[in-house]
Amino acid sequence: MALTSEATTVWTGDLKSGSGTVTLDSSKTAEFPVTWQARSAGTPNTTNPEELLGAAHAACFSMALANGLSAGGHTPDSIQTTAAVTFEAGVGVVGSHLLVSAKVPGLTEEEFAVYAEDAKANCPISKALAGIAITIEAELA
């Protein structure tokens, strides 16, 4: 069965001086402010589409890695993934860099790298991002 997830943005004003809020369907009580300034130059306490995309990529990758490791008989104690998504004004999203640290008993760095590369290539968000560069640094903690 397919699951459709939703997020809603309400935007007011033009691109450069306007602003909006993003609400995730799973948490209708939390609103995330979003502005062009946050997207193009960074603004404290304000999100942007790339940060939200990074959250999706980090979560998806971590799930895919946990699944692959467990299927191979190596249940992870923990996986921490940060996805740094880069946006270039006038160009768009140009890359996602995954920084991964995991505690997996009984696994070598070389074995872990194989699982990490497989998760990078096969998590659904990575597949959706096929048009950009996806890089990875993965190590055992």
# chains A, B, ... in the order shown; residues from 1 in each chain; ligands from 1
>>> residues_around(residues="Trp11 (chain A)", least_positions_apart="2", cutoff="8 Å", atoms="only C-alpha atoms", output="ChimeraX atom specification")
/A:9,13,18-21
>>> residues_around(residues="Val114 (chain A)", least_positions_apart="6", cutoff="12 Å", atoms="only C-alpha atoms", output="PyMOL selection string")
chain A and resi 65+68-69+72+107-108+120-121+136+138-139
>>> write_last_selection(atoms="all heavy atoms", output="JSON list (two decimals), in the first residue's frame")
[["chain", "number", "residue", "atom", "x", "y", "z"],
["A", 65, "LEU", "N", 20.09, 2.25, 5.44],
["A", 65, "LEU", "CA", 21.31, 1.64, 5.98],
["A", 65, "LEU", "C", 20.98, 0.64, 7.08],
["A", 65, "LEU", "O", 21.53, -0.46, 7.10],
["A", 65, "LEU", "CB", 22.25, 2.74, 6.49],
["A", 65, "LEU", "CG", 23.59, 2.26, 7.05],
["A", 65, "LEU", "CD1", 24.38, 1.44, 6.03],
["A", 65, "LEU", "CD2", 24.41, 3.47, 7.53],
["A", 68, "GLY", "N", 19.62, -2.49, 5.39],
["A", 68, "GLY", "CA", 20.66, -3.27, 4.73],
["A", 68, "GLY", "C", 21.57, -3.98, 5.73],
["A", 68, "GLY", "O", 21.90, -5.16, 5.56],
["A", 69, "LEU", "N", 21.99, -3.26, 6.76],
["A", 69, "LEU", "CA", 22.85, -3.87, 7.79],
["A", 69, "LEU", "C", 22.13, -5.02, 8.48],
["A", 69, "LEU", "O", 22.70, -6.10, 8.66],
["A", 69, "LEU", "CB", 23.27, -2.81, 8.82],
["A", 69, "LEU", "CG", 24.29, -1.79, 8.35],
["A", 69, "LEU", "CD1", 24.35, -0.61, 9.32],
["A", 69, "LEU", "CD2", 25.67, -2.43, 8.21],
["A", 72, "GLY", "N", 21.86, -8.08, 6.49],
["A", 72, "GLY", "CA", 23.16, -8.75, 6.41],
["A", 72, "GLY", "C", 23.61, -9.34, 7.73],
["A", 72, "GLY", "O", 24.74, -9.81, 7.86],
["A", 107, "LEU", "N", 31.68, -5.29, 12.62],
["A", 107, "LEU", "CA", 31.81, -4.90, 11.22],
["A", 107, "LEU", "C", 33.10, -4.11, 11.03],
["A", 107, "LEU", "O", 33.45, -3.27, 11.86],
["A", 107, "LEU", "CB", 30.61, -4.03, 10.83],
["A", 107, "LEU", "CG", 30.13, -4.06, 9.38],
["A", 107, "LEU", "CD1", 29.73, -5.45, 8.95],
["A", 107, "LEU", "CD2", 28.96, -3.12, 9.22],
["A", 108, "THR", "N", 33.81, -4.37, 9.94],
["A", 108, "THR", "CA", 35.02, -3.59, 9.63],
["A", 108, "THR", "C", 34.61, -2.32, 8.88],
["A", 108, "THR", "O", 33.51, -2.24, 8.32],
["A", 108, "THR", "CB", 36.00, -4.39, 8.76],
["A", 108, "THR", "OG1", 35.41, -4.59, 7.46],
["A", 108, "THR", "CG2", 36.37, -5.73, 9.39],
["A", 120, "LYS", "N", 23.21, 4.62, 0.04],
["A", 120, "LYS", "CA", 23.26, 5.90, -0.68],
["A", 120, "LYS", "C", 22.63, 5.76, -2.06],
["A", 120, "LYS", "O", 21.86, 6.61, -2.49],
["A", 120, "LYS", "CB", 24.71, 6.38, -0.81],
["A", 120, "LYS", "CG", 24.85, 7.70, -1.56],
["A", 120, "LYS", "CD", 26.30, 8.03, -1.84],
["A", 120, "LYS", "CE", 26.63, 7.50, -3.20],
["A", 120, "LYS", "NZ", 27.86, 8.00, -3.76],
["A", 121, "ALA", "N", 22.93, 4.69, -2.74],
["A", 121, "ALA", "CA", 22.43, 4.48, -4.10],
["A", 121, "ALA", "C", 20.96, 4.08, -4.14],
["A", 121, "ALA", "O", 20.27, 4.38, -5.12],
["A", 121, "ALA", "CB", 23.26, 3.41, -4.80],
["A", 136, "ILE", "N", 29.33, 11.02, 0.01],
["A", 136, "ILE", "CA", 29.19, 10.41, 1.33],
["A", 136, "ILE", "C", 30.53, 10.30, 2.04],
["A", 136, "ILE", "O", 31.57, 10.06, 1.40],
["A", 136, "ILE", "CB", 28.52, 9.02, 1.23],
["A", 136, "ILE", "CG1", 28.16, 8.47, 2.61],
["A", 136, "ILE", "CG2", 29.38, 8.07, 0.44],
["A", 136, "ILE", "CD1", 27.26, 7.23, 2.56],
["A", 138, "ALA", "N", 31.40, 8.08, 5.38],
["A", 138, "ALA", "CA", 30.80, 7.15, 6.34],
["A", 138, "ALA", "C", 31.89, 6.47, 7.13],
["A", 138, "ALA", "O", 32.88, 5.99, 6.56],
["A", 138, "ALA", "CB", 29.93, 6.14, 5.61],
["A", 139, "GLU", "N", 31.70, 6.42, 8.46],
["A", 139, "GLU", "CA", 32.66, 5.75, 9.31],
["A", 139, "GLU", "C", 31.97, 5.12, 10.50],
["A", 139, "GLU", "O", 30.89, 5.54, 10.90],
["A", 139, "GLU", "CB", 33.75, 6.71, 9.78],
["A", 139, "GLU", "CG", 33.24, 7.83, 10.68],
["A", 139, "GLU", "CD", 34.33, 8.80, 11.09],
["A", 139, "GLU", "OE1", 35.38, 8.85, 10.45],
["A", 139, "GLU", "OE2", 34.09, 9.50, 12.09]]
>>> residues_around(residues="Trp36 (chain A)", least_positions_apart="2", cutoff="8 Å", atoms="only C-alpha atoms", output="PDB file with C-alpha atoms, in the first residue's frame")
ATOM      1  CA  LEU A  15       9.927  36.209  -3.442  1.00  0.00           C
ATOM      2  CA  LYS A  16      12.556  38.526  -1.968  1.00  0.00           C
ATOM      3  CA  SER A  17      10.568  40.370   0.700  1.00  0.00           C
ATOM      4  CA  GLY A  18       7.807  37.837   1.330  1.00  0.00           C
ATOM      5  CA  SER A  19       7.756  35.006   3.811  1.00  0.00           C
ATOM      6  CA  VAL A  34      10.691  30.131   5.571  1.00  0.00           C
ATOM      7  CA  ALA A  38      17.076  31.981   4.601  1.00  0.00           C
ATOM      8  CA  ARG A  39      17.321  30.077   1.337  1.00  0.00           C
ATOM      9  CA  SER A  40      19.852  32.249  -0.452  1.00  0.00           C
ATOM     10  CA  ASN A  48      14.487  26.610   3.789  1.00  0.00           C
TER      11      ASN A  48
END
>>> atom_distance(atom1="CA of Gly131 (chain A)", atom2="CA of Val93 (chain A)")
9.3 Å
>>> residues_around(residues="Ser101 (chain A)", least_positions_apart="2", cutoff="7 Å", atoms="only C-alpha atoms", output="JSON list (two decimals) with N, CA and C atoms, in the first residue's frame")
[["chain", "number", "residue", "atom", "x", "y", "z"],
["A", 79, "ILE", "N", 22.86, 4.89, 14.29],
["A", 79, "ILE", "CA", 23.29, 5.51, 13.03],
["A", 79, "ILE", "C", 22.97, 6.99, 13.15],
["A", 80, "GLN", "N", 23.96, 7.83, 12.90],
["A", 80, "GLN", "CA", 23.74, 9.28, 12.86],
["A", 80, "GLN", "C", 24.10, 9.77, 11.47],
["A", 81, "THR", "N", 23.15, 10.39, 10.80],
["A", 81, "THR", "CA", 23.37, 10.88, 9.44],
["A", 81, "THR", "C", 23.00, 12.35, 9.37],
["A", 99, "LEU", "N", 26.97, 12.72, 5.77],
["A", 99, "LEU", "CA", 28.01, 12.50, 6.77],
["A", 99, "LEU", "C", 27.44, 11.50, 7.77],
["A", 138, "ALA", "N", 31.40, 8.08, 5.38],
["A", 138, "ALA", "CA", 30.80, 7.15, 6.34],
["A", 138, "ALA", "C", 31.89, 6.47, 7.13],
["A", 139, "GLU", "N", 31.70, 6.42, 8.46],
["A", 139, "GLU", "CA", 32.66, 5.75, 9.31],
["A", 139, "GLU", "C", 31.97, 5.12, 10.50],
["A", 140, "LEU", "N", 32.64, 4.14, 11.05],
["A", 140, "LEU", "CA", 32.15, 3.51, 12.27],
["A", 140, "LEU", "C", 32.57, 4.36, 13.46],
["A", 141, "ALA", "N", 31.69, 4.48, 14.41],
["A", 141, "ALA", "CA", 31.98, 5.28, 15.62],
["A", 141, "ALA", "C", 32.75, 4.45, 16.62]]
>>> closest_residue(among="A:Glu31, A:Ala119, A:Ile134, A:Ser78", to="Asn45 (chain A)", atoms="only C-alpha atoms")
A:Glu31
>>> residues_around(residues="Ser126 (chain A)", least_positions_apart="3", cutoff="12 Å", atoms="only C-alpha atoms", output="MDAnalysis selection string")
chainID A and resid 53:54 56:62 64 83 85 95:98 117:123 129:136
>>> select_by_dssp(residues="chain A", states="strand (DSSP E)", output="number ranges by chain")
A: 7-12, 19-24, 27-35, 78-88, 92-103, 133-140
>>> atom_distance(atom1="CA of Glu51 (chain A)", atom2="CA of Phe112 (chain A)")
26.5 Å
>>> atom_distance(atom1="CA of Leu3 (chain A)", atom2="CA of Val100 (chain A)")
26.9 Å
>>> select_by_dssp(residues="chain A", states="alpha helix (DSSP H)", output="PyMOL selection string")
chain A and resi 36-40+49-71+109-122+124-128
>>> residues_around(residues="Thr75 (chain A)", least_positions_apart="3", cutoff="8 Å", atoms="only C-alpha atoms", output="list in words")
Ala66, Leu69, Ser70, Val104 and Pro105 of chain A
>>> write_last_selection(atoms="N, CA, C and O atoms", output="short mmCIF file (atom, residue, chain, number, x, y, z; two decimals), in the first residue's frame")
data_model
loop_
_atom_site.label_atom_id
_atom_site.label_comp_id
_atom_site.auth_asym_id
_atom_site.auth_seq_id
_atom_site.Cartn_x
_atom_site.Cartn_y
_atom_site.Cartn_z
N ALA A 66 20.07 1.02 7.98
CA ALA A 66 19.66 0.10 9.04
C ALA A 66 19.07 -1.19 8.46
O ALA A 66 19.37 -2.29 8.93
N LEU A 69 21.99 -3.26 6.76
CA LEU A 69 22.85 -3.87 7.79
C LEU A 69 22.13 -5.02 8.48
O LEU A 69 22.70 -6.10 8.66
N SER A 70 20.88 -4.81 8.87
CA SER A 70 20.11 -5.85 9.56
C SER A 70 19.90 -7.07 8.68
O SER A 70 20.01 -8.21 9.14
N VAL A 104 28.21 -0.25 14.82
CA VAL A 104 27.75 -1.55 14.31
C VAL A 104 28.74 -2.60 14.79
O VAL A 104 29.84 -2.72 14.23
N PRO A 105 28.38 -3.36 15.81
CA PRO A 105 29.31 -4.37 16.33
C PRO A 105 29.68 -5.41 15.29
O PRO A 105 28.85 -5.85 14.49
#
